[in-house]
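Structure data follow from data_30.pdb (PDB, C-alpha atoms and all ligand atoms):
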```pdb
ATOM      1  CA  MET X  12       0.000   0.000   0.000
ATOM      2  CA  ALA X  13       1.252   3.444  -0.895
ATOM      3  CA  ILE X  14      -0.138   6.940  -0.569
ATOM      4  CA  ILE X  15      -0.391   8.496  -4.008
ATOM      5  CA  LEU X  16      -1.086  12.133  -4.742
ATOM      6  CA  VAL X  17      -2.908  12.599  -8.055
ATOM      7  CA  VAL X  18      -2.799  16.144  -9.453
ATOM      8  CA  GLU X  19      -5.329  16.193 -12.292
ATOM      9  CA  ASP X  20      -7.887  18.808 -13.319
ATOM     10  CA  ASN X  21     -10.066  16.504 -15.409
ATOM     11  CA  PRO X  22     -12.684  14.922 -13.099
ATOM     12  CA  ALA X  23     -13.108  11.832 -15.294
ATOM     13  CA  ASN X  24      -9.357  11.181 -15.363
ATOM     14  CA  LEU X  25      -9.171  11.721 -11.620
ATOM     15  CA  LYS X  26     -12.009   9.289 -11.036
ATOM     16  CA  LEU X  27     -10.374   6.658 -13.242
ATOM     17  CA  ALA X  28      -6.988   7.084 -11.556
ATOM     18  CA  ARG X  29      -8.587   6.793  -8.125
ATOM     19  CA  PHE X  30     -10.464   3.647  -9.137
ATOM     20  CA  LEU X  31      -7.372   1.954 -10.586
ATOM     21  CA  LEU X  32      -5.112   2.946  -7.696
ATOM     22  CA  GLU X  33      -7.591   1.916  -5.008
ATOM     23  CA  SER X  34      -8.230  -1.368  -6.821
ATOM     24  CA  ALA X  35      -4.477  -1.975  -6.605
ATOM     25  CA  GLY X  36      -4.591  -1.336  -2.845
ATOM     26  CA  HIS X  37      -3.254   2.211  -2.771
ATOM     27  CA  GLU X  38      -4.546   5.264  -0.960
ATOM     28  CA  VAL X  39      -5.307   8.350  -3.069
ATOM     29  CA  ILE X  40      -5.008  12.042  -2.281
ATOM     30  CA  GLU X  41      -6.597  14.219  -4.957
ATOM     31  CA  ALA X  42      -5.664  17.699  -6.120
ATOM     32  CA  ALA X  43      -7.370  19.570  -8.961
ATOM     33  CA  ASP X  44      -4.551  22.041  -9.596
ATOM     34  CA  ALA X  45      -0.851  22.600  -8.941
ATOM     35  CA  ALA X  46      -1.327  24.838  -5.905
ATOM     36  CA  GLU X  47      -3.513  22.266  -4.182
ATOM     37  CA  GLY X  48      -1.073  19.511  -5.143
ATOM     38  CA  LEU X  49       1.933  21.383  -3.760
ATOM     39  CA  ALA X  50       0.059  22.039  -0.505
ATOM     40  CA  HIS X  51      -0.752  18.320  -0.079
ATOM     41  CA  ALA X  52       2.811  17.290  -0.938
ATOM     42  CA  GLU X  53       4.119  19.645   1.757
ATOM     43  CA  SER X  54       1.675  18.815   4.510
ATOM     44  CA  GLU X  55       1.067  15.081   4.084
ATOM     45  CA  HIS X  56       3.159  11.967   3.673
ATOM     46  CA  VAL X  57       3.134  11.077  -0.028
ATOM     47  CA  ASP X  58       4.948   8.094  -1.604
ATOM     48  CA  LEU X  59       4.389   9.039  -5.246
ATOM     49  CA  VAL X  60       2.967  11.955  -7.232
ATOM     50  CA  LEU X  61       1.040  11.468 -10.468
ATOM     51  CA  MET X  62       1.168  14.859 -12.140
ATOM     52  CA  ASP X  63      -1.014  15.949 -15.038
ATOM     53  CA  ILE X  64       1.009  18.298 -17.252
ATOM     54  CA  GLN X  65      -1.811  20.469 -18.565
ATOM     55  CA  LEU X  66      -3.336  22.161 -15.535
ATOM     56  CA  PRO X  67      -5.101  25.499 -15.113
ATOM     57  CA  GLY X  68      -2.684  28.129 -13.796
ATOM     58  CA  MET X  69       0.696  26.633 -12.939
ATOM     59  CA  ASP X  70       1.289  23.608 -15.187
ATOM     60  CA  GLY X  71       2.527  20.218 -14.083
ATOM     61  CA  LEU X  72       6.097  20.788 -15.260
ATOM     62  CA  GLU X  73       6.416  23.943 -13.178
ATOM     63  CA  ALA X  74       4.813  22.210 -10.194
ATOM     64  CA  THR X  75       7.324  19.363 -10.561
ATOM     65  CA  ARG X  76      10.202  21.869 -10.606
ATOM     66  CA  VAL X  77       8.897  23.328  -7.347
ATOM     67  CA  LEU X  78       8.671  19.864  -5.735
ATOM     68  CA  LYS X  79      12.154  18.876  -6.927
ATOM     69  CA  ASN X  80      13.671  22.127  -5.651
ATOM     70  CA  LYS X  81      12.302  21.685  -2.138
ATOM     71  CA  GLU X  82      14.264  19.727   0.443
ATOM     72  CA  THR X  83      11.101  18.201   1.916
ATOM     73  CA  THR X  84       9.568  16.930  -1.336
ATOM     74  CA  ARG X  85      12.559  16.353  -3.644
ATOM     75  CA  ALA X  86      12.810  12.606  -2.890
ATOM     76  CA  VAL X  87       9.201  11.851  -3.814
ATOM     77  CA  PRO X  88       9.016  10.362  -7.320
ATOM     78  CA  VAL X  89       6.880  12.291  -9.804
ATOM     79  CA  ILE X  90       5.273  10.565 -12.791
ATOM     80  CA  ALA X  91       3.881  12.865 -15.471
ATOM     81  CA  LEU X  92       0.448  12.112 -16.890
ATOM     82  CA  THR X  93       0.655  13.581 -20.336
ATOM     83  CA  ALA X  94      -1.551  13.962 -23.354
ATOM     84  CA  LEU X  95       1.459  15.330 -25.205
ATOM     85  CA  ALA X  96       3.104  13.053 -27.700
ATOM     86  CA  MET X  97       5.269  15.437 -29.672
ATOM     87  CA  LYS X  98       8.949  14.862 -30.239
ATOM     88  CA  GLY X  99      10.850  16.662 -27.506
ATOM     89  CA  ASP X 100       8.126  16.332 -24.885
ATOM     90  CA  ARG X 101       9.871  13.426 -23.210
ATOM     91  CA  GLU X 102      12.979  15.573 -22.822
ATOM     92  CA  ARG X 103      10.953  18.494 -21.480
ATOM     93  CA  ILE X 104       9.209  16.257 -18.966
ATOM     94  CA  LEU X 105      12.420  14.667 -17.717
ATOM     95  CA  ALA X 106      14.233  18.031 -17.695
ATOM     96  CA  ALA X 107      11.538  19.392 -15.366
ATOM     97  CA  GLY X 108      12.490  16.665 -12.893
ATOM     98  CA  CYS X 109       9.790  14.084 -13.559
ATOM     99  CA  ASP X 110      11.005  10.557 -12.852
ATOM    100  CA  GLY X 111       8.846   9.015 -15.561
ATOM    101  CA  TYR X 112       5.702   9.582 -17.562
ATOM    102  CA  ILE X 113       2.733   7.833 -19.072
ATOM    103  CA  ALA X 114       0.673   9.106 -21.976
ATOM    104  CA  LYS X 115      -3.109   9.432 -21.704
ATOM    105  CA  PRO X 116      -5.205   7.546 -22.514
ATOM    106  CA  PHE X 117      -3.142   4.863 -20.801
ATOM    107  CA  ASN X 118      -3.463   1.118 -20.722
ATOM    108  CA  HIS X 119      -4.756   0.264 -17.230
ATOM    109  CA  ASP X 120      -2.278  -2.556 -16.640
ATOM    110  CA  ASP X 121       0.644  -0.390 -17.786
ATOM    111  CA  PHE X 122      -0.515   2.380 -15.479
ATOM    112  CA  ILE X 123      -0.605   0.147 -12.403
ATOM    113  CA  ALA X 124       2.665  -1.541 -13.403
ATOM    114  CA  LEU X 125       4.353   1.866 -13.600
ATOM    115  CA  VAL X 126       2.940   2.947 -10.242
ATOM    116  CA  ASN X 127       4.013  -0.309  -8.611
ATOM    117  CA  TYR X 128       7.478   0.071 -10.081
ATOM    118  CA  TRP X 129       7.905   3.384  -8.292
ATOM    119  CA  VAL X 130       6.356   2.312  -5.006
ATOM    120  CA  HIS X 131       7.521  -1.328  -4.821
ATOM    121  CA  GLY X 132      10.387  -1.557  -7.310
ATOM    122  CA  SER X 133       8.508  -4.093  -9.447
ATOM    123  CA  PHE X 134       9.306  -4.308 -13.148
ATOM    124  CA  PRO X 135       7.677  -1.602 -15.315
ATOM    125  CA  PRO X 136       6.320  -1.934 -18.828
ATOM    126  CA  PRO X 137       9.121  -1.114 -21.318
ATOM    127  CA  ASP X 138       7.311   1.739 -23.093
ATOM    128  CA  THR X 139       6.925   3.754 -19.891
ATOM    129  CA  ARG X 140      10.332   3.090 -18.353
ATOM    130  CA  PRO X 141      12.555   6.167 -18.339
ATOM    131  CA  ALA X 142      15.638   5.238 -20.339
ATOM    132  CA  ASN X 143      17.936   7.221 -18.090
ATOM    133  CA  ARG X 144      16.853   5.528 -14.884
ATOM    134  CA  PRO X 145      18.182   2.401 -13.195
ATOM    135  CA  MET X 146      15.906  -0.624 -13.110
ATOM    136  CA  ASN X 147      15.377  -0.303  -9.371
ATOM    137  CA  PRO X 148      14.486   3.081  -7.918
TER
HETATM  138 MN    MN X 201      -5.289  18.524 -17.491
END
```
Since I need it in another form, could you write the structure as structure tokens?
Ligand code: MN
Amino acid sequence: MAIILVVEDNPANLKLARFLLESAGHEVIEAADAAEGLAHAESEHVDLVLMDIQLPGMDGLEATRVLKNKETTRAVPVIALTALAMKGDRERILAAGCDGYIAKPFNHDDFIALVNYWVHGSFPPPDTRPANRPMNP
């Protein structure tokens, strides 16, 4: 069991993420924007952050930079949830400090496999594994 903060402004995506994560035995903290997400990450114990990139106001890349520049939150892995699929996006996402990413709409099994990789060190699906990361976090 892990505590997973999901920062996502789309209610349907949030609902799906919650359902999948809870079905896999995890606890979910929801945030609808970056400010709310940063507040939760600061004030609560969080094992993993799932960060939508396109958010109203501060976007997910900027929010990730804030988390990775703070002593108290820097060690928490951040996985980007992205609808972007353009060349160069992967580099932008990793440059912002994200530890990995998964494109929406995602395969449900791949999604849970990626989450479990970051919280339990289990093997991730190859298409979501960051190439610059060791096999075990
Ligand atoms: Mn969004």
Mind checking which residues fall within 9 Å of Glu73 in chain X, counting all atoms listed in the file, ignoring those fewer than 4 positions away in the same chain, and posting them as a ChimeraX atom specification? /X:45,64,69,77-78,107
Please tell me which residues are no farther than 7 Å from (0.5, 7.3, -6.6) in the file, counting only C-alpha atoms, and write them as a list in words. Ala13, Ile14, Ile15, Leu16, Val17, Val39, Asp58, Leu59, Val60, Leu61 and Val126 of chain X
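Applied to the file shown here, the PyMOL selection byres (((chain X and resi 115-118) around 7) and not hetatm) selects the residues Leu92, Thr93, Ala94, Ile113, Ala114, His119, Asp120, Asp121 and Phe122 of chain X.
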For ligand MN 201 (chain X), which residue among X:Ala74, X:Ala50, X:Ala106, X:Ala43 is the nearest when counting all atoms listed in the file?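 Checking each of X:Ala74, X:Ala50, X:Ala106, X:Ala43 against ligand MN 201 (chain X), counting all atoms listed in the file, the winner is X:Ala43.
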Residues within 9 Å of Gly36 in chain X, only C-alpha atoms, excluding chain neighbours under 4 positions, as a list in words: Met12, Ala13, Leu31 and Leu32 of chain X
Now that the selection is made, can you save its residues with C-alpha atoms as a PDB file, in the coordinates of the input?
```pdb
ATOM      1  CA  MET X  12       0.000   0.000   0.000  1.00  0.00           C
ATOM      2  CA  ALA X  13       1.252   3.444  -0.895  1.00  0.00           C
ATOM      3  CA  LEU X  31      -7.372   1.954 -10.586  1.00  0.00           C
ATOM      4  CA  LEU X  32      -5.112   2.946  -7.696  1.00  0.00           C
TER       5      LEU X  32
END
```
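For ligand MN 201 (chain X), the neighbouring protein, DNA and RNA residues, which are those within 10 Å when only C-alpha atoms and all ligand atoms are counted, are X:Val18, X:Glu19, X:Asp20, X:Asn21, X:Pro22, X:Asn24, X:Leu25, X:Ala43, X:Asp44, X:Met62, X:Asp63, X:Ile64, X:Gln65, X:Leu66, X:Pro67, X:Asp70, X:Gly71, X:Leu92, X:Thr93, X:Ala94.
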For CA of Gly132 in chain X and CA of Ala28 in chain X, the interatomic separation in Å (one decimal): 19.9 Å
